[in-house]
$ cat entry-v1.cif   # mmCIF, C-alpha atoms
data_target
loop_
_atom_site.label_atom_id
_atom_site.label_comp_id
_atom_site.auth_asym_id
_atom_site.auth_seq_id
_atom_site.Cartn_x
_atom_site.Cartn_y
_atom_site.Cartn_z
CA MET F 19 45.09 -43.00 4.78
CA PRO F 20 42.18 -40.59 4.13
CA GLY F 21 39.77 -39.87 6.91
CA VAL F 22 36.18 -40.85 7.45
CA LEU F 23 33.18 -38.58 7.82
CA ALA F 24 30.68 -40.05 10.26
CA ARG F 25 27.16 -38.71 10.33
CA VAL F 26 25.38 -39.67 13.54
CA TYR F 27 21.61 -39.38 13.89
CA VAL F 28 20.26 -39.55 17.43
CA THR F 29 16.50 -39.87 17.82
CA PRO F 30 14.12 -40.40 20.74
CA LYS F 31 13.28 -44.07 21.19
CA ARG F 32 9.85 -45.27 20.14
CA GLY F 33 7.64 -45.21 23.19
CA ILE F 34 9.56 -42.37 24.79
CA LEU F 35 7.37 -39.31 24.85
CA ASP F 36 8.82 -36.54 22.66
CA PRO F 37 7.08 -33.33 23.78
CA GLN F 38 9.29 -31.30 21.43
CA GLY F 39 8.10 -33.36 18.46
CA LYS F 40 4.50 -32.88 19.59
CA ALA F 41 4.95 -29.12 19.83
CA VAL F 42 6.51 -28.98 16.36
CA GLN F 43 3.63 -31.06 15.00
CA HIS F 44 1.10 -28.63 16.49
CA SER F 45 2.92 -25.64 15.03
CA LEU F 46 3.08 -27.23 11.59
CA HIS F 47 -0.65 -27.92 11.77
CA ALA F 48 -1.21 -24.28 12.73
CA LEU F 49 0.85 -23.20 9.72
CA GLY F 50 -1.40 -25.13 7.37
CA PHE F 51 0.34 -28.50 7.09
CA PRO F 52 -2.42 -30.80 8.33
CA GLU F 53 -0.82 -33.78 6.59
CA VAL F 54 1.95 -33.91 9.21
CA GLY F 55 1.60 -36.97 11.41
CA ASP F 56 4.12 -38.08 14.00
CA VAL F 57 7.12 -35.75 14.48
CA ARG F 58 10.26 -36.78 16.33
CA VAL F 59 12.99 -34.25 17.06
CA GLY F 60 16.51 -35.59 17.36
CA LYS F 61 20.11 -34.54 16.89
CA TYR F 62 22.54 -34.67 14.01
CA ILE F 63 26.23 -34.94 14.84
CA GLU F 64 29.08 -34.84 12.31
CA LEU F 65 32.43 -36.33 13.21
CA ARG F 66 35.59 -36.23 11.11
CA LEU F 67 37.90 -39.10 11.97
CA ARG F 68 41.55 -39.00 11.02
CA GLU F 69 43.66 -41.82 9.62
CA VAL F 70 41.17 -44.56 10.04
CA GLY F 71 39.49 -47.01 7.66
CA LYS F 72 35.74 -47.35 7.39
CA ASP F 73 35.55 -50.69 9.20
CA ALA F 74 37.53 -49.51 12.19
CA ALA F 75 35.62 -46.24 12.17
CA ALA F 76 32.27 -48.04 12.31
CA GLU F 77 33.32 -49.84 15.46
CA ARG F 78 34.78 -46.71 17.09
CA VAL F 79 31.78 -44.52 16.31
CA ARG F 80 29.40 -47.15 17.63
CA GLU F 81 31.33 -47.12 20.89
CA MET F 82 31.24 -43.30 20.98
CA CYS F 83 27.48 -43.40 20.54
CA GLU F 84 26.99 -45.96 23.27
CA ARG F 85 29.27 -44.19 25.73
CA LEU F 86 28.40 -40.55 25.12
CA LEU F 87 26.63 -39.37 21.99
CA ALA F 88 23.36 -41.21 22.68
CA ASN F 89 21.69 -42.31 25.90
CA GLY F 90 20.45 -45.85 25.31
CA VAL F 91 17.69 -45.42 27.87
CA ILE F 92 15.90 -42.81 25.79
CA GLU F 93 17.58 -42.61 22.40
CA ASP F 94 18.39 -44.65 19.31
CA PHE F 95 21.25 -43.81 16.99
CA ARG F 96 22.12 -44.44 13.38
CA VAL F 97 25.51 -43.88 11.77
CA GLU F 98 26.43 -43.19 8.15
CA LEU F 99 30.07 -43.33 7.12
CA ALA F 100 31.66 -41.75 4.07
CA GLU F 101 35.21 -41.18 2.94
CA ASP F 102 36.34 -37.75 3.95
CA GLY F 103 38.41 -36.20 1.21
CA ARG F 104 39.02 -33.04 3.18
CA MET Q 28 32.32 -35.92 59.17
CA ARG Q 29 32.97 -34.40 55.81
CA TRP Q 30 30.66 -33.58 52.92
CA GLY Q 31 32.18 -33.24 49.47
CA VAL Q 32 30.24 -31.11 47.00
CA VAL Q 33 31.29 -31.53 43.38
CA VAL Q 34 31.52 -28.31 41.40
CA PHE Q 35 31.21 -28.70 37.65
CA PRO Q 36 31.47 -25.72 35.32
CA GLY Q 37 27.86 -24.51 35.40
CA SER Q 38 26.90 -25.92 38.80
CA ASN Q 39 24.98 -23.28 40.72
CA ASP Q 40 23.60 -24.88 43.86
CA ASP Q 41 26.96 -25.99 45.22
CA ARG Q 42 27.19 -23.09 47.70
CA ASP Q 43 23.80 -23.90 49.15
CA ALA Q 44 24.82 -27.52 49.64
CA LEU Q 45 28.11 -26.56 51.31
CA ARG Q 46 26.23 -24.16 53.54
CA VAL Q 47 23.81 -26.85 54.72
CA ALA Q 48 26.68 -29.13 55.68
CA GLU Q 49 28.52 -26.41 57.58
CA ARG Q 50 25.77 -24.32 59.10
CA GLN Q 51 22.84 -26.64 59.58
CA LEU Q 52 24.74 -29.86 60.25
CA GLY Q 53 27.89 -28.49 61.86
CA ASP Q 54 29.96 -30.79 59.65
CA GLN Q 55 32.96 -30.11 57.47
CA ALA Q 56 32.26 -29.30 53.84
CA VAL Q 57 34.70 -29.34 50.99
CA ALA Q 58 34.17 -28.25 47.40
CA LEU Q 59 35.47 -30.78 44.88
CA TRP Q 60 36.43 -29.50 41.44
CA HIS Q 61 35.34 -31.54 38.44
CA LYS Q 62 39.00 -32.14 37.56
CA ASP Q 63 39.84 -33.57 40.99
CA ARG Q 64 40.88 -37.19 40.97
CA ASP Q 65 40.08 -37.84 44.62
CA LEU Q 66 37.35 -36.89 47.03
CA ARG Q 67 39.58 -35.21 49.65
CA GLY Q 68 38.39 -37.46 52.40
CA ALA Q 69 34.68 -36.83 51.86
CA ASP Q 70 32.40 -39.33 53.61
CA VAL Q 71 29.43 -38.34 51.53
CA VAL Q 72 29.48 -36.88 48.03
CA LEU Q 73 26.85 -34.46 46.85
CA LEU Q 74 26.30 -33.63 43.19
CA PRO Q 75 24.51 -30.28 43.17
CA GLY Q 76 21.98 -28.67 40.90
CA GLY Q 77 22.81 -26.37 38.05
CA PHE Q 78 23.59 -26.60 34.37
CA SER Q 79 26.86 -28.48 34.22
CA TYR Q 80 28.68 -27.88 30.94
CA GLY Q 81 25.75 -25.76 29.81
CA ASP Q 82 23.57 -28.88 29.48
CA TYR Q 83 25.41 -29.56 26.21
CA LEU Q 84 24.40 -32.75 24.39
CA ARG Q 85 22.12 -33.93 27.23
CA CYS Q 86 21.77 -32.69 30.80
CA GLY Q 87 24.53 -34.31 32.84
CA ALA Q 88 26.11 -36.13 29.89
CA MET Q 89 29.38 -34.22 29.80
CA ALA Q 90 29.67 -34.09 33.59
CA SER Q 91 29.30 -37.86 33.80
CA CYS Q 92 32.60 -38.15 31.85
CA SER Q 93 34.60 -35.68 33.98
CA PRO Q 94 37.64 -36.91 35.95
CA VAL Q 95 36.02 -36.58 39.39
CA MET Q 96 33.32 -39.05 38.38
CA ASP Q 97 35.80 -41.95 38.42
CA ALA Q 98 36.36 -41.22 42.10
CA VAL Q 99 32.60 -40.87 42.67
CA ARG Q 100 32.05 -44.23 40.97
CA ALA Q 101 34.68 -45.89 43.16
CA HIS Q 102 33.17 -44.29 46.28
CA ALA Q 103 29.71 -45.54 45.31
CA ALA Q 104 31.01 -49.02 44.48
CA ALA Q 105 32.56 -49.21 47.96
CA GLY Q 106 29.19 -48.40 49.53
CA GLY Q 107 29.91 -44.70 50.07
CA LEU Q 108 27.00 -42.27 50.21
CA VAL Q 109 26.20 -40.21 47.13
CA LEU Q 110 23.34 -37.74 46.76
CA GLY Q 111 22.46 -36.19 43.41
CA ILE Q 112 20.11 -33.22 43.39
CA CYS Q 113 18.46 -32.02 40.18
CA ASN Q 114 21.36 -31.70 37.73
CA GLY Q 115 23.25 -34.02 40.07
CA PHE Q 116 20.49 -36.59 39.62
CA GLN Q 117 20.81 -36.18 35.86
CA VAL Q 118 24.57 -36.71 36.12
CA LEU Q 119 24.11 -39.89 38.16
CA CYS Q 120 21.64 -41.30 35.61
CA GLU Q 121 23.98 -40.42 32.74
CA ALA Q 122 26.86 -42.04 34.63
CA GLY Q 123 24.85 -45.25 34.96
CA LEU Q 124 24.90 -45.01 38.77
CA LEU Q 125 21.12 -44.61 38.86
CA PRO Q 126 18.47 -46.12 36.58
CA GLY Q 127 16.38 -44.24 34.04
CA ALA Q 128 16.93 -40.89 32.41
CA LEU Q 129 15.62 -37.34 32.74
CA VAL Q 130 14.06 -35.72 29.70
CA ARG Q 131 12.32 -32.46 28.84
CA ASN Q 132 9.29 -31.69 31.01
CA ARG Q 133 6.11 -32.80 29.30
CA SER Q 134 4.87 -29.19 29.31
CA LEU Q 135 8.13 -28.05 27.67
CA SER Q 136 8.23 -25.31 30.32
CA PHE Q 137 10.88 -24.69 32.91
CA ILE Q 138 9.08 -25.17 36.23
CA CYS Q 139 9.88 -23.35 39.45
CA ASP Q 140 7.48 -24.33 42.21
CA LEU Q 141 6.93 -25.91 45.58
CA VAL Q 142 5.88 -29.56 45.33
CA THR Q 143 4.89 -32.31 47.73
CA VAL Q 144 6.79 -35.57 47.58
CA ARG Q 145 6.02 -38.75 49.47
CA VAL Q 146 8.83 -40.78 50.99
CA GLU Q 147 8.35 -44.19 49.39
CA THR Q 148 11.10 -46.00 51.28
CA ILE Q 149 12.98 -45.20 54.44
CA ASP Q 150 15.50 -47.90 53.60
CA THR Q 151 18.16 -45.49 52.31
CA PRO Q 152 20.73 -43.51 54.29
CA PHE Q 153 19.05 -40.29 53.16
CA THR Q 154 15.50 -41.18 54.20
CA GLU Q 155 15.87 -43.42 57.22
CA GLY Q 156 15.10 -40.43 59.45
CA CYS Q 157 11.71 -39.97 57.77
CA HIS Q 158 8.50 -41.84 58.41
CA PRO Q 159 7.27 -44.24 55.72
CA GLY Q 160 4.89 -42.26 53.54
CA GLU Q 161 5.93 -38.94 55.07
CA LEU Q 162 5.08 -35.93 52.94
CA LEU Q 163 7.83 -33.39 52.32
CA ALA Q 164 7.40 -29.91 50.87
CA LEU Q 165 10.37 -29.25 48.59
CA PRO Q 166 11.02 -26.76 45.81
CA ILE Q 167 11.73 -27.77 42.23
CA LYS Q 168 13.29 -25.74 39.44
CA HIS Q 169 14.01 -27.64 36.27
CA GLY Q 170 13.30 -27.89 32.57
CA GLU Q 171 14.39 -31.49 32.16
CA GLY Q 172 13.04 -33.33 35.16
CA CYS Q 173 10.74 -35.84 33.55
CA TRP Q 174 12.13 -39.16 34.76
CA VAL Q 175 11.59 -42.03 32.34
CA ALA Q 176 12.45 -45.72 32.28
CA ASP Q 177 11.10 -48.68 30.36
CA GLU Q 178 8.37 -50.82 31.90
CA ASP Q 179 10.71 -53.62 32.96
CA THR Q 180 13.04 -51.21 34.74
CA LEU Q 181 10.15 -49.51 36.50
CA ALA Q 182 8.69 -52.86 37.59
CA ALA Q 183 12.06 -53.98 38.93
CA LEU Q 184 12.49 -50.73 40.85
CA GLU Q 185 9.02 -51.08 42.37
CA ARG Q 186 9.78 -54.66 43.38
CA GLN Q 187 13.06 -53.67 44.99
CA SER Q 188 11.54 -50.59 46.69
CA ARG Q 189 14.04 -48.37 44.91
CA ILE Q 190 11.64 -45.55 44.15
CA VAL Q 191 12.51 -43.18 46.97
CA PHE Q 192 10.23 -40.20 46.30
CA ARG Q 193 7.03 -39.66 44.32
CA TYR Q 194 5.21 -36.45 43.48
CA VAL Q 195 1.84 -36.44 45.25
CA ASP Q 196 -0.92 -33.99 45.98
CA ARG Q 197 -1.22 -32.39 49.40
CA ALA Q 198 -3.28 -35.31 50.62
CA GLY Q 199 -0.51 -37.69 49.62
CA ARG Q 200 -2.23 -39.16 46.58
CA VAL Q 201 -0.33 -40.07 43.42
CA THR Q 202 -2.27 -38.26 40.70
CA PRO Q 203 -1.27 -37.07 37.22
CA GLU Q 204 -2.02 -33.48 38.29
CA ALA Q 205 0.41 -33.78 41.20
CA CYS Q 206 3.25 -34.64 38.82
CA PRO Q 207 4.84 -31.38 37.69
CA ASN Q 208 6.94 -32.71 34.84
CA GLY Q 209 5.26 -35.85 33.49
CA ALA Q 210 7.64 -38.32 35.16
CA VAL Q 211 6.72 -41.98 34.74
CA GLY Q 212 4.93 -43.21 37.86
CA ASN Q 213 5.28 -39.71 39.39
CA VAL Q 214 8.85 -40.68 40.25
CA ALA Q 215 10.79 -37.81 41.83
CA GLY Q 216 13.75 -39.81 43.12
CA VAL Q 217 15.31 -43.27 43.00
CA CYS Q 218 18.19 -45.15 44.60
CA SER Q 219 20.85 -47.57 43.45
CA GLU Q 220 20.72 -51.31 44.00
CA GLY Q 221 23.03 -50.90 47.00
CA ARG Q 222 20.73 -48.07 48.22
CA ASN Q 223 23.71 -45.82 48.99
CA VAL Q 224 23.28 -43.66 45.88
CA VAL Q 225 20.15 -41.51 45.83
CA GLY Q 226 19.05 -38.96 43.26
CA LEU Q 227 16.06 -36.63 43.19
CA MET Q 228 14.83 -33.66 41.18
CA PRO Q 229 13.49 -31.55 44.10
CA HIS Q 230 15.94 -29.45 46.09
CA PRO Q 231 16.28 -30.41 49.77
CA GLU Q 232 19.18 -27.95 50.10
CA HIS Q 233 16.81 -25.07 49.34
CA ALA Q 234 14.42 -26.17 52.07
CA VAL Q 235 16.50 -25.91 55.21
CA GLU Q 236 15.61 -22.53 56.67
CA ARG Q 237 12.12 -21.23 57.19
CA GLN Q 238 13.17 -17.63 56.63
CA ILE Q 239 14.26 -18.35 53.10
CA GLY Q 240 12.08 -19.24 50.14
CA TYR Q 241 9.09 -21.44 50.73
CA ASN Q 242 8.97 -21.55 54.53
CA THR Q 243 9.83 -25.24 54.71
CA GLU Q 244 12.79 -27.03 56.28
CA ASP Q 245 11.73 -30.49 55.19
CA GLY Q 246 14.90 -30.82 53.14
CA LEU Q 247 16.95 -30.97 56.33
CA LYS Q 248 15.54 -34.43 57.03
CA LEU Q 249 17.56 -35.92 54.18
CA PHE Q 250 20.80 -34.35 55.36
CA ARG Q 251 20.22 -35.23 59.01
CA SER Q 252 19.40 -38.81 58.00
CA ALA Q 253 22.69 -39.18 56.19
CA GLN Q 254 24.56 -37.56 59.05
CA ALA Q 255 23.06 -39.99 61.57
CA TRP Q 256 23.67 -42.93 59.23
CA LEU Q 257 27.33 -42.01 58.83
CA ARG Q 258 27.87 -41.45 62.53
CA ARG Q 259 26.49 -44.90 63.20
CA ALA Q 260 28.55 -46.45 60.42
CA ARG Q 261 31.73 -44.87 61.77
CA GLY Q 262 31.13 -45.98 65.32
CA PRO Q 263 30.91 -43.85 68.46
CA GLU Q 264 34.63 -43.21 68.94
CA ALA Q 265 35.20 -42.04 65.36
CA GLY Q 266 32.86 -39.25 66.30
CA GLY Q 267 33.58 -36.35 64.09
CA PRO Q 268 32.60 -32.89 65.20
CA ALA Q 269 29.69 -32.73 67.61
CA LEU Q 270 26.40 -31.51 66.23
CA VAL Q 271 26.47 -27.80 66.87
CA PRO Q 272 23.98 -25.29 65.62
CA GLY Q 273 25.28 -22.85 63.02
CA PRO Q 274 26.41 -19.39 64.00
#

$ encode --input "entry-v1.cif" --output "structure tokens"
Amino acid sequence: MPGVLARVYVTPKRGILDPQGKAVQHSLHALGFPEVGDVRVGKYIELRLREVGKDAAAERVREMCERLLANGVIEDFRVELAEDGR
Amino acid sequence: MRWGVVVFPGSNDDRDALRVAERQLGDQAVALWHKDRDLRGADVVLLPGGFSYGDYLRCGAMASCSPVMDAVRAHAAAGGLVLGICNGFQVLCEAGLLPGALVRNRSLSFICDLVTVRVETIDTPFTEGCHPGELLALPIKHGEGCWVADEDTLAALERQSRIVFRYVDRAGRVTPEACPNGAVGNVAGVCSEGRNVVGLMPHPEHAVERQIGYNTEDGLKLFRSAQAWLRRARGPEAGGPALVPGP
């Protein structure tokens, strides 16, 4: 069975202050990009899962996110799964 | 009685905590390694400050998964005393033993300063020796000390008197300026539902000797509270070593 490549995006929850995003926004404005509105800075995590189908992987990765990769108090997560030919 | 201080890779206030237990309290102190599966007979567990696991992923996230934390969870569930200071507070929040989370300071700066906190409840083993509303001068040193929780959680904590410390100005007023890191409701420390687990960002273990640092020993009150609480809980004959001043 081929593996699965999971791409996990972790972002600050709406309503949680993101001072990093604010600082990046200010810097972009200073660099001449006044069109930049809200900026949120998050994390991107790539996981390669071995010998697992996409359905099972979806469930496993969700559990990984809930238990470690994201903190539900302050963060949301989104997962994309693709077949990993490597 | 015996204090167990958990040492994670990257902890750096563990020695100070052990020193308080031995020298200031005259108790036994034992260092617990993050791979330990038991607490070596510790009556109270202290999670110290530092940068466990290099603050990888999120502060305290990796530490909350380490083997010793299963034992800490069991100890807490049985009503045992647990104190998390700074990174230790972050670990306890990540482990789900305390509510909320600690995020980057609103200023984005690492802050090293002396702050005033107000004791919001004396109904915890670590604050019962304080007066209600007592002001304590304690140092802070953190980059990610901004405590956050959603409105419902905060309201529930207020209702249950589980906010243990708030940042205040020198007159004891809760003002935005008195909050060094942007924490919601100026919260500096909270406790668990059972009140036996307490976490705070300021460092009581760095405020135990007037000769050192900021000329305050207000931090001792937390440790002496817990010591008195434990002595009472264990009964007179269980005793433990008598309170002797350090060498």

$ residues_near_point --input "entry-v1.cif" --point "(38.9, -28.9, 33.4)" --cutoff "10 Å" --atoms "only C-alpha atoms" --output "PyMOL selection string"
chain Q and resi 35-36+60-63+93-94

$ interface_residues --input "entry-v1.cif" --of "chain F" --to "chain Q" --cutoff "7 Å" --atoms "all atoms listed in the file" --output "number ranges by chain"
F: 37, 86, 91-92

$ atom_distance --input "entry-v1.cif" --atom1 "atom CA of F:Asp102" --atom2 "atom CA of F:Pro20"
6.5 Å

$ resolve_selection --input "entry-v1.cif" --expression "the PyMOL selection byres ((chain F and resi 69) around 8)" --output "list in words"
Met19, Pro20, Gly21, Val22, Leu67, Arg68, Val70 and Gly71 of chain F

$ closest_residue --input "entry-v1.cif" --among "Q:Pro75, Q:Gly199, Q:Gly106, Q:Pro166" --to "Q:Leu257" --atoms "all atoms listed in the file"
Q:Gly106

$ residues_around --input "entry-v1.cif" --residues "F:Val42" --least-positions-apart "6" --cutoff "10 Å" --atoms "only C-alpha atoms" --output "list of chain:residue names"
F:Ala48, F:Val54, F:Asp56, F:Val57, F:Arg58, F:Val59

$ axis_aligned_box --input "entry-v1.cif" --around "stretch 57-63 of chain Q" --padding-each-side "4 Å" --output "lines of an AutoDock Vina configuration file"
center_x = 37.0
center_y = -30.9
center_z = 44.3
size_x = 13.7
size_y = 13.3
size_z = 21.4

$ closest_residue --input "entry-v1.cif" --among "Q:Leu165, Q:Cys157, Q:Val144, Q:Leu125" --to "Q:Gly226" --atoms "all atoms listed in the file"
Q:Leu125

$ residues_around --input "entry-v1.cif" --residues "stretch 216-225 of chain Q" --least-positions-apart "3" --cutoff "10 Å" --atoms "all atoms listed in the file" --output "ChimeraX atom specification"
/Q:71-73,102-113,115-116,119-120,123-127,144,146-148,150-154,174,184,187-194,213,228-229,253

$ residues_around --input "entry-v1.cif" --residues "Q:Ala205" --least-positions-apart "2" --cutoff "9 Å" --atoms "only C-alpha atoms" --output "short mmCIF file (atom, residue, chain, number, x, y, z; two decimals) with C-alpha atoms, in the frame of the given file"
data_model
loop_
_atom_site.label_atom_id
_atom_site.label_comp_id
_atom_site.auth_asym_id
_atom_site.auth_seq_id
_atom_site.Cartn_x
_atom_site.Cartn_y
_atom_site.Cartn_z
CA VAL Q 142 5.88 -29.56 45.33
CA THR Q 143 4.89 -32.31 47.73
CA TYR Q 194 5.21 -36.45 43.48
CA VAL Q 195 1.84 -36.44 45.25
CA ASP Q 196 -0.92 -33.99 45.98
CA ARG Q 197 -1.22 -32.39 49.40
CA ARG Q 200 -2.23 -39.16 46.58
CA VAL Q 201 -0.33 -40.07 43.42
CA THR Q 202 -2.27 -38.26 40.70
CA PRO Q 203 -1.27 -37.07 37.22
CA PRO Q 207 4.84 -31.38 37.69
CA ASN Q 213 5.28 -39.71 39.39
#

$ resolve_selection --input "entry-v1.cif" --expression "the PyMOL selection byres ((chain Q and resi 169) around 6)" --output "list of chain:residue names"
Q:Phe137, Q:Ile138, Q:Lys168, Q:Gly170, Q:Glu171, Q:Gly172

$ residues_around --input "entry-v1.cif" --residues "Q:Arg67" --least-positions-apart "2" --cutoff "10 Å" --atoms "only C-alpha atoms" --output "list of chain:residue names"
Q:Arg29, Q:Trp30, Q:Gly31, Q:Val57, Q:Ala58, Q:Leu59, Q:Asp63, Q:Arg64, Q:Asp65, Q:Ala69, Q:Asp70

$ atom_distance --input "entry-v1.cif" --atom1 "atom CA of Q:Arg259" --atom2 "atom CA of Q:Leu247"
18.2 Å

$ closest_residue --input "entry-v1.cif" --among "F:Leu46, F:Val26, F:Leu65, F:Leu35" --to "F:Glu84" --atoms "all atoms listed in the file"
F:Val26

$ closest_residue --input "entry-v1.cif" --among "F:Glu53, F:Leu99, F:Met82, F:Asn89" --to "Q:Gly87" --atoms "only C-alpha atoms"
F:Asn89

$ atom_distance --input "entry-v1.cif" --atom1 "atom CA of F:Phe51" --atom2 "atom CA of F:Gln38"
17.1 Å
